[in-house]
>>> print(open('input.csv').read())   # CSV, C-alpha atoms
chain,number,residue,atom,x,y,z
N,1,MET,CA,52.8,-62.0,87.9
N,2,GLU,CA,51.7,-59.5,90.5
N,3,LYS,CA,54.7,-57.3,89.9
N,4,LEU,CA,54.1,-57.5,86.1
N,5,LEU,CA,50.5,-56.4,86.6
N,6,ASP,CA,51.5,-53.6,89.0
N,7,ARG,CA,54.0,-52.3,86.5
N,8,ALA,CA,51.4,-52.5,83.7
N,9,LEU,CA,48.9,-50.6,85.8
N,10,GLU,CA,51.3,-47.6,85.9
N,11,ARG,CA,50.9,-47.2,82.1
N,12,LYS,CA,48.1,-45.0,80.9
N,13,SER,CA,47.8,-47.0,77.7
N,14,PHE,CA,47.2,-50.2,79.6
N,15,ILE,CA,44.6,-48.6,81.8
N,16,PHE,CA,42.8,-47.2,78.8
N,17,ILE,CA,42.7,-50.5,77.0
N,18,ASP,CA,41.5,-52.2,80.2
N,19,GLN,CA,38.7,-49.6,80.4
N,20,ILE,CA,37.6,-50.1,76.8
N,21,ILE,CA,37.5,-53.9,77.2
N,22,PHE,CA,35.4,-53.5,80.4
N,23,ARG,CA,33.0,-51.2,78.7
N,24,PHE,CA,32.8,-53.5,75.7
N,25,LYS,CA,31.4,-56.2,77.9
N,26,ASP,CA,29.6,-54.1,80.6
N,27,HIS,CA,27.7,-52.0,78.0
N,28,ASN,CA,26.8,-55.1,75.9
N,29,LEU,CA,28.3,-53.5,72.9
N,30,ILE,CA,27.5,-56.5,70.6
N,31,GLY,CA,23.8,-56.2,71.5
N,32,SER,CA,23.9,-52.5,71.0
N,33,ALA,CA,25.6,-52.9,67.6
N,34,ALA,CA,23.1,-55.4,66.5
N,35,GLU,CA,20.3,-53.0,67.4
N,36,LEU,CA,22.0,-50.1,65.6
N,37,ALA,CA,22.7,-52.3,62.5
N,38,TYR,CA,19.0,-53.2,62.3
N,39,PHE,CA,17.9,-49.5,62.4
N,40,LEU,CA,20.7,-48.5,60.0
N,41,PHE,CA,19.4,-51.2,57.6
N,42,LEU,CA,15.9,-49.7,57.8
N,43,SER,CA,17.2,-46.2,57.3
N,44,ILE,CA,20.0,-46.5,54.7
N,45,PHE,CA,17.7,-46.6,51.6
N,46,PRO,CA,15.3,-43.9,52.7
N,47,PHE,CA,18.4,-41.8,53.5
N,48,LEU,CA,19.7,-42.4,49.9
N,49,ILE,CA,16.3,-41.4,48.5
N,50,ALA,CA,16.4,-38.1,50.4
N,51,LEU,CA,20.0,-37.4,49.5
N,52,LEU,CA,19.7,-38.2,45.8
N,53,ASN,CA,16.5,-36.1,45.5
N,54,ILE,CA,18.2,-33.1,47.1
N,55,LEU,CA,21.3,-33.6,44.9
N,56,ASN,CA,18.9,-33.4,41.9
N,57,TYR,CA,18.5,-29.7,42.6
N,58,ILE,CA,22.2,-28.9,42.3
N,59,SER,CA,23.0,-31.0,39.2
N,60,LEU,CA,26.0,-32.9,40.6
N,61,ARG,CA,27.4,-36.1,39.2
N,62,LYS,CA,25.7,-37.8,42.2
N,63,ASN,CA,26.1,-41.4,41.1
N,64,GLN,CA,29.9,-41.1,40.9
N,65,TYR,CA,30.2,-39.5,44.4
N,66,ILE,CA,27.6,-41.8,46.0
N,67,LEU,CA,29.6,-44.7,44.9
N,68,ASP,CA,32.8,-43.1,46.1
N,69,ILE,CA,31.4,-43.1,49.6
N,70,ILE,CA,30.9,-46.9,49.5
N,71,ARG,CA,34.1,-47.7,47.6
N,72,TYR,CA,35.5,-49.5,50.6
N,73,ALA,CA,32.4,-51.7,51.0
N,74,PRO,CA,32.3,-55.2,49.6
N,75,GLU,CA,31.3,-55.5,45.9
N,76,ASP,CA,28.0,-57.1,46.7
N,77,ILE,CA,27.0,-54.0,48.7
N,78,GLN,CA,28.3,-51.7,46.0
N,79,ARG,CA,26.1,-53.5,43.4
N,80,ILE,CA,23.0,-53.3,45.6
N,81,ILE,CA,23.4,-49.6,46.2
N,82,GLU,CA,24.4,-48.9,42.6
N,83,VAL,CA,21.3,-50.7,41.2
N,84,PHE,CA,19.1,-48.9,43.8
N,85,VAL,CA,20.6,-45.5,42.8
N,86,ASN,CA,20.3,-46.2,39.1
N,87,ASP,CA,16.7,-47.4,39.4
N,88,LEU,CA,15.8,-44.3,41.5
N,89,ASN,CA,17.3,-41.9,39.0
N,90,PHE,CA,15.6,-43.7,36.1
N,91,GLY,CA,12.2,-43.9,37.7
N,92,SER,CA,12.2,-40.6,39.6
N,93,ASN,CA,9.3,-38.2,39.3
N,94,GLU,CA,10.2,-34.5,39.9
N,95,SER,CA,6.7,-33.7,41.1
N,96,LEU,CA,7.2,-36.2,44.0
N,97,LEU,CA,10.6,-34.9,45.0
N,98,SER,CA,9.5,-33.0,48.1
N,99,ILE,CA,7.4,-35.9,49.3
N,100,ALA,CA,10.3,-38.3,48.8
N,101,VAL,CA,12.7,-36.0,50.6
N,102,ILE,CA,10.4,-35.6,53.6
N,103,GLY,CA,9.5,-39.3,53.8
N,104,GLY,CA,13.1,-40.3,53.4
N,105,ILE,CA,14.4,-38.0,56.1
N,106,ILE,CA,11.7,-39.2,58.6
N,107,ALA,CA,12.4,-42.9,57.8
N,108,ALA,CA,16.2,-42.4,57.9
N,109,SER,CA,16.0,-40.6,61.3
N,110,THR,CA,15.3,-44.0,63.0
N,111,GLY,CA,19.0,-44.8,62.6
N,112,PHE,CA,20.0,-41.7,64.5
N,113,ARG,CA,17.6,-42.5,67.4
N,114,ALA,CA,19.5,-45.8,67.7
N,115,ILE,CA,22.8,-44.0,67.7
N,116,ILE,CA,21.5,-41.6,70.5
N,117,ARG,CA,20.6,-44.6,72.6
N,118,SER,CA,24.0,-46.2,72.1
N,119,LEU,CA,25.9,-43.1,73.0
N,120,ASP,CA,23.8,-42.4,76.0
N,121,ARG,CA,24.9,-45.8,77.3
N,122,ALA,CA,28.6,-45.0,76.6
N,123,TYR,CA,28.4,-41.8,78.6
N,124,LYS,CA,26.0,-43.3,81.1
N,125,TYR,CA,23.5,-40.5,80.6
N,126,THR,CA,19.9,-40.9,81.5
N,127,GLU,CA,17.6,-40.3,78.5
N,128,ASN,CA,14.9,-38.0,79.9
N,129,ARG,CA,14.0,-36.2,76.7
N,130,SER,CA,10.5,-36.6,75.4
N,131,VAL,CA,9.7,-38.9,72.5
N,132,LEU,CA,8.8,-35.9,70.3
N,133,LYS,CA,12.1,-34.2,71.2
N,134,LYS,CA,14.1,-37.3,70.4
N,135,ILE,CA,12.3,-37.7,67.0
N,136,GLY,CA,12.8,-34.0,66.3
N,137,LEU,CA,16.6,-34.2,67.1
N,138,SER,CA,17.0,-37.3,65.0
N,139,ILE,CA,15.3,-35.7,62.1
N,140,LEU,CA,17.5,-32.6,62.6
N,141,PHE,CA,20.7,-34.8,62.7
N,142,THR,CA,19.6,-36.5,59.5
N,143,ILE,CA,19.1,-33.2,57.7
N,144,ILE,CA,22.5,-31.9,58.9
N,145,LEU,CA,24.1,-35.2,57.8
N,146,ILE,CA,22.6,-34.8,54.3
N,147,PHE,CA,23.7,-31.2,54.2
N,148,LEU,CA,27.3,-32.1,55.2
N,149,ILE,CA,27.5,-34.9,52.6
N,150,THR,CA,26.1,-32.5,50.0
N,151,LEU,CA,28.7,-30.0,51.0
N,152,VAL,CA,31.4,-32.7,50.6
N,153,PHE,CA,30.2,-33.4,47.0
N,154,ILE,CA,30.1,-29.7,46.2
N,155,SER,CA,33.6,-29.2,47.6
N,156,LEU,CA,35.0,-32.1,45.6
N,157,VAL,CA,33.4,-30.9,42.4
N,158,PHE,CA,34.6,-27.3,42.8
N,159,SER,CA,38.0,-28.3,44.1
N,160,GLU,CA,38.5,-30.5,41.0
N,161,GLN,CA,37.4,-27.7,38.6
N,162,ILE,CA,39.5,-25.0,40.3
N,163,GLY,CA,42.5,-27.4,40.4
N,164,LYS,CA,42.2,-28.1,36.7
N,165,LEU,CA,42.0,-24.4,35.8
N,166,VAL,CA,45.0,-23.5,38.0
N,167,PHE,CA,47.2,-26.4,36.8
N,168,GLN,CA,46.2,-25.7,33.1
N,169,LEU,CA,48.0,-22.4,33.4
N,170,PHE,CA,51.2,-24.2,34.0
N,171,ASN,CA,50.5,-27.0,31.6
N,172,ILE,CA,50.7,-29.6,34.3
N,173,GLU,CA,47.0,-30.7,34.4
N,174,VAL,CA,48.0,-34.3,34.2
N,175,LEU,CA,50.0,-34.1,37.4
N,176,PHE,CA,47.0,-32.6,39.2
N,177,LEU,CA,44.6,-35.3,37.9
N,178,MET,CA,47.1,-38.0,39.2
N,179,GLY,CA,47.3,-36.3,42.6
N,180,TRP,CA,43.6,-35.5,42.8
N,181,ARG,CA,42.7,-39.2,43.1
N,182,TYR,CA,44.5,-39.2,46.5
N,183,LEU,CA,43.6,-35.7,47.5
N,184,ARG,CA,39.9,-36.5,47.0
N,185,LEU,CA,40.2,-39.4,49.4
N,186,LEU,CA,41.9,-37.2,52.0
N,187,ILE,CA,39.2,-34.5,51.7
N,188,SER,CA,36.5,-37.2,52.1
N,189,PHE,CA,38.3,-38.7,55.1
N,190,LEU,CA,38.6,-35.3,56.9
N,191,PHE,CA,34.9,-34.7,56.3
N,192,MET,CA,34.1,-38.2,57.7
N,193,VAL,CA,36.1,-37.4,60.9
N,194,PHE,CA,34.2,-34.1,61.3
N,195,ILE,CA,30.8,-35.8,60.8
N,196,PHE,CA,31.6,-38.4,63.4
N,197,ALA,CA,32.8,-35.7,65.8
N,198,LEU,CA,29.5,-33.8,65.4
N,199,ILE,CA,27.5,-37.0,66.0
N,200,TYR,CA,29.5,-37.8,69.2
N,201,LYS,CA,29.1,-34.3,70.5
N,202,TYR,CA,25.4,-33.6,69.9
N,203,SER,CA,23.8,-37.0,70.0
N,204,PRO,CA,24.1,-37.8,73.8
N,205,ASN,CA,21.7,-36.4,76.3
N,206,ILE,CA,24.3,-34.3,78.2
N,207,GLN,CA,23.2,-33.8,81.8
N,208,LYS,CA,23.1,-30.5,83.6
N,209,GLY,CA,26.5,-29.5,84.8
N,210,ASP,CA,28.3,-31.6,82.2
N,211,SER,CA,29.9,-30.3,79.0
N,212,LEU,CA,31.2,-32.1,76.0
N,213,SER,CA,33.6,-30.1,73.8
N,214,LEU,CA,34.0,-30.8,70.1
N,215,LYS,CA,37.7,-31.4,70.7
N,216,SER,CA,37.0,-34.2,73.2
N,217,THR,CA,35.1,-36.1,70.4
N,218,PHE,CA,38.0,-36.2,67.9
N,219,PRO,CA,39.8,-39.3,69.3
N,220,GLY,CA,36.7,-41.4,68.8
N,221,ALA,CA,35.9,-39.8,65.5
N,222,ILE,CA,39.4,-40.5,64.1
N,223,PHE,CA,39.3,-44.0,65.4
N,224,ALA,CA,35.9,-44.6,63.9
N,225,SER,CA,36.9,-43.2,60.5
N,226,ILE,CA,40.2,-45.2,60.2
N,227,SER,CA,38.7,-48.4,61.7
N,228,TRP,CA,35.7,-48.2,59.4
N,229,ILE,CA,37.9,-47.9,56.3
N,230,ILE,CA,40.3,-50.7,57.4
N,231,LEU,CA,37.6,-53.1,58.6
N,232,SER,CA,35.5,-52.5,55.4
N,233,LEU,CA,38.5,-53.3,53.2
N,234,ILE,CA,39.3,-56.5,55.3
N,235,PHE,CA,35.6,-57.6,55.1
N,236,SER,CA,35.5,-56.8,51.4
N,237,TYR,CA,38.6,-58.9,50.8
N,238,TYR,CA,37.1,-61.8,52.9
N,239,VAL,CA,33.8,-61.7,51.1
N,240,SER,CA,35.5,-61.6,47.7
N,241,ASN,CA,37.9,-64.4,48.4
N,242,PHE,CA,36.5,-66.6,51.2
N,243,GLY,CA,32.9,-65.7,51.9
N,244,ARG,CA,30.3,-67.8,50.1
N,245,TYR,CA,27.2,-65.9,51.1
N,246,SER,CA,25.6,-66.4,47.7
N,247,VAL,CA,26.0,-70.2,48.0
N,248,THR,CA,24.5,-70.3,51.5
N,249,TYR,CA,21.8,-67.7,51.2
N,250,GLY,CA,21.2,-67.7,47.4
N,251,SER,CA,19.7,-64.4,46.1
N,252,LEU,CA,19.7,-63.0,49.7
N,253,GLY,CA,23.5,-63.2,49.8
N,254,GLY,CA,24.0,-59.5,49.0
N,255,VAL,CA,21.5,-58.5,51.7
N,256,ILE,CA,23.2,-60.7,54.3
N,257,VAL,CA,26.6,-59.1,53.4
N,258,LEU,CA,25.0,-55.7,53.8
N,259,LEU,CA,23.7,-56.6,57.2
N,260,VAL,CA,27.0,-58.0,58.4
N,261,TRP,CA,28.8,-54.8,57.0
N,262,LEU,CA,26.3,-52.6,58.9
N,263,PHE,CA,26.9,-54.6,62.0
N,264,ILE,CA,30.7,-54.1,61.7
N,265,SER,CA,30.1,-50.4,61.1
N,266,SER,CA,27.8,-50.2,64.1
N,267,ILE,CA,30.5,-51.7,66.4
N,268,VAL,CA,33.0,-49.1,65.1
N,269,ILE,CA,30.5,-46.2,65.6
N,270,ILE,CA,29.7,-47.2,69.2
N,271,LEU,CA,33.3,-47.9,70.0
N,272,GLY,CA,34.2,-44.4,68.9
N,273,GLY,CA,31.7,-43.0,71.5
N,274,GLU,CA,33.0,-45.4,74.2
N,275,ILE,CA,36.6,-44.2,73.5
N,276,ASN,CA,35.6,-40.6,74.0
N,277,ALA,CA,33.6,-41.4,77.1
N,278,ALA,CA,36.5,-43.5,78.6
N,279,LEU,CA,39.1,-40.8,77.9
N,280,ILE,CA,36.9,-38.2,79.6
N,281,ASN,CA,36.4,-40.4,82.6
N,282,LEU,CA,40.0,-41.4,82.9
N,283,LYS,CA,41.2,-37.8,82.7
N,284,GLU,CA,38.8,-36.8,85.5
N,285,ARG,CA,40.3,-39.6,87.6
N,286,ASN,CA,43.9,-38.7,86.6
N,287,PHE,CA,44.1,-42.1,85.0
N,288,GLU,CA,43.7,-44.0,88.3
N,289,ILE,CA,42.2,-47.4,87.8
N,290,ASP,CA,38.8,-48.2,89.3
N,291,SER,CA,38.6,-51.8,90.6
N,292,GLU,CA,34.9,-51.9,90.1
N,293,LYS,CA,35.2,-50.9,86.5
N,294,SER,CA,38.3,-52.8,85.4
N,295,PHE,CA,38.4,-55.9,83.2
N,296,VAL,CA,41.8,-57.0,84.6
N,297,PHE,CA,40.8,-56.7,88.2
N,298,LYS,CA,37.5,-58.5,87.5
N,299,ILE,CA,39.1,-61.6,86.0
N,300,MET,CA,42.0,-61.7,88.5
N,301,ASN,CA,39.7,-60.8,91.4
N,302,LYS,CA,42.4,-58.5,92.8
N,303,PRO,CA,41.4,-55.7,95.1
N,304,VAL,CA,42.7,-52.1,94.7
N,305,GLU,CA,44.6,-50.5,97.5
N,306,LYS,CA,43.0,-47.2,98.3
N,307,ASN,CA,45.0,-44.4,99.8
>>> encode(input="input.csv", output="structure tokens")
Amino acid sequence: MEKLLDRALERKSFIFIDQIIFRFKDHNLIGSAAELAYFLFLSIFPFLIALLNILNYISLRKNQYILDIIRYAPEDIQRIIEVFVNDLNFGSNESLLSIAVIGGIIAASTGFRAIIRSLDRAYKYTENRSVLKKIGLSILFTIILIFLITLVFISLVFSEQIGKLVFQLFNIEVLFLMGWRYLRLLISFLFMVFIFALIYKYSPNIQKGDSLSLKSTFPGAIFASISWIILSLIFSYYVSNFGRYSVTYGSLGGVIVLLVWLFISSIVIILGGEINAALINLKERNFEIDSEKSFVFKIMNKPVEKN
């Protein structure tokens, strides 16, 4: 057993997994995810209010693209958001657009403040920024996120129109429309990775003397994007075929499904940050294992030989 463990400790992949498991427990990732899910629940609908009101100014087919974002979510969640979006469009008052946008952004920024706290734990940064600065940053991040999502919508709309025009010249528009279904998902995925990378880079309170490159955030961003899609599909399948939330919780079934989905999403978001932080730490140590920060050494109570 000792030889097997020593052989495993020579592999970078094993050391990396060991580090992630240790961080999962040591940083109380479940508790952090529950906290983040709560604030995301409070901020998701104000965020949609702000986003939809901004999209009103550029006359996009916003309902279609909003629902495209959540197409991997369980049907109960899709119905809740679809009803909310339709009600908002039907009952919107243009004279109140600016107030709705401002109020929605401020309310939605609470979710970003929770993300900042979670990523600070991942990188073990001390949060010494003032309350006003944190609020200002979270509002700025929310505005940037709305801008990027709007940019995604605009890119999808114009890419589709340009593609149709180009392929019409060759009388193969049907081929483009068939391929566009998948190309649209690829474009959305790439934007998702980029958005996660920006969140991981600019959210933590980077200490003086430290630096965090955008490149170093892509491993966690790619993991978060892929994992979010896969876990959302699995959870959606489970809810559709095995989950009986409506039987247990009645009319609150959809809300409970939304909370569970946000909790799963929160775990993925925080894990992405932990992956980035772990990789940076391991590279600095040349992938040498630290007995005090090792899950394997902790459960086996095995000391590390120091040179």
>>> atom_distance(input="input.csv", atom1="atom CA of Ile81 of chain N", atom2="atom CA of Ile105 of chain N")
17.7 Å
>>> closest_residue(input="input.csv", among="N:Asn241, N:Ser213, N:Ser225, N:Gln207", to="Phe194 of chain N", atoms="all atoms listed in the file")
N:Ser225
>>> closest_residue(input="input.csv", among="N:Ala122, N:Ala224, N:Ile139, N:Leu148", to="Asp26 of chain N", atoms="all atoms listed in the file")
N:Ala122
>>> atom_distance(input="input.csv", atom1="atom CA of Ala221 of chain N", atom2="atom CA of Ala277 of chain N")
11.9 Å
>>> closest_residue(input="input.csv", among="N:Ile116, N:Ile172, N:Ile289, N:Ile267", to="Arg129 of chain N", atoms="only C-alpha atoms")
N:Ile116
>>> closest_residue(input="input.csv", among="N:Ser43, N:Tyr237, N:Ile229, N:Gly273", to="Ala107 of chain N", atoms="only C-alpha atoms")
N:Ser43
>>> closest_residue(input="input.csv", among="N:Glu82, N:Asp87, N:Asp18, N:Glu173", to="Ser291 of chain N", atoms="only C-alpha atoms")
N:Asp18
>>> residues_around(input="input.csv", residues="Asn205 of chain N", least_positions_apart="6", cutoff="12 Å", atoms="all atoms listed in the file", output="list of chain:residue names")
N:Arg113, N:Ile115, N:Ile116, N:Arg117, N:Ser118, N:Leu119, N:Asp120, N:Arg121, N:Ala122, N:Tyr123, N:Lys124, N:Tyr125, N:Thr126, N:Glu127, N:Asn128, N:Arg129, N:Ser130, N:Lys133, N:Lys134, N:Leu137, N:Ile199, N:Ser211, N:Leu212
>>> residues_near_point(input="input.csv", point="(21.5, -29.8, 49.8)", cutoff="6 Å", atoms="only C-alpha atoms", output="mmCIF file with C-alpha atoms, in the frame of the given file")
data_model
loop_
_atom_site.group_PDB
_atom_site.id
_atom_site.type_symbol
_atom_site.label_atom_id
_atom_site.label_comp_id
_atom_site.auth_asym_id
_atom_site.auth_seq_id
_atom_site.Cartn_x
_atom_site.Cartn_y
_atom_site.Cartn_z
ATOM 1 C CA ILE N 54 18.200 -33.100 47.100
ATOM 2 C CA PHE N 147 23.700 -31.200 54.200
ATOM 3 C CA THR N 150 26.100 -32.500 50.000
#
>>> closest_residue(input="input.csv", among="N:Phe112, N:Arg7, N:Phe16, N:Arg79", to="Phe287 of chain N", atoms="only C-alpha atoms")
N:Phe16
>>> residues_around(input="input.csv", residues="Phe263 of chain N", least_positions_apart="3", cutoff="7 Å", atoms="only C-alpha atoms", output="list in words")
Ala33, Ala34, Ala37, Leu259, Val260, Ser266 and Ile267 of chain N
>>> residues_near_point(input="input.csv", point="(44.0, -34.5, 46.0)", cutoff="12 Å", atoms="all atoms listed in the file", output="ChimeraX atom specification")
/N:155-157,159-160,162-164,175-189
>>> atom_distance(input="input.csv", atom1="atom CA of His27 of chain N", atom2="atom CA of Phe141 of chain N")
24.1 Å
>>> residues_around(input="input.csv", residues="segment 28-32 of chain N", least_positions_apart="3", cutoff="8 Å", atoms="only C-alpha atoms", output="number ranges by chain")
N: 23-25, 35-36, 118, 267, 270
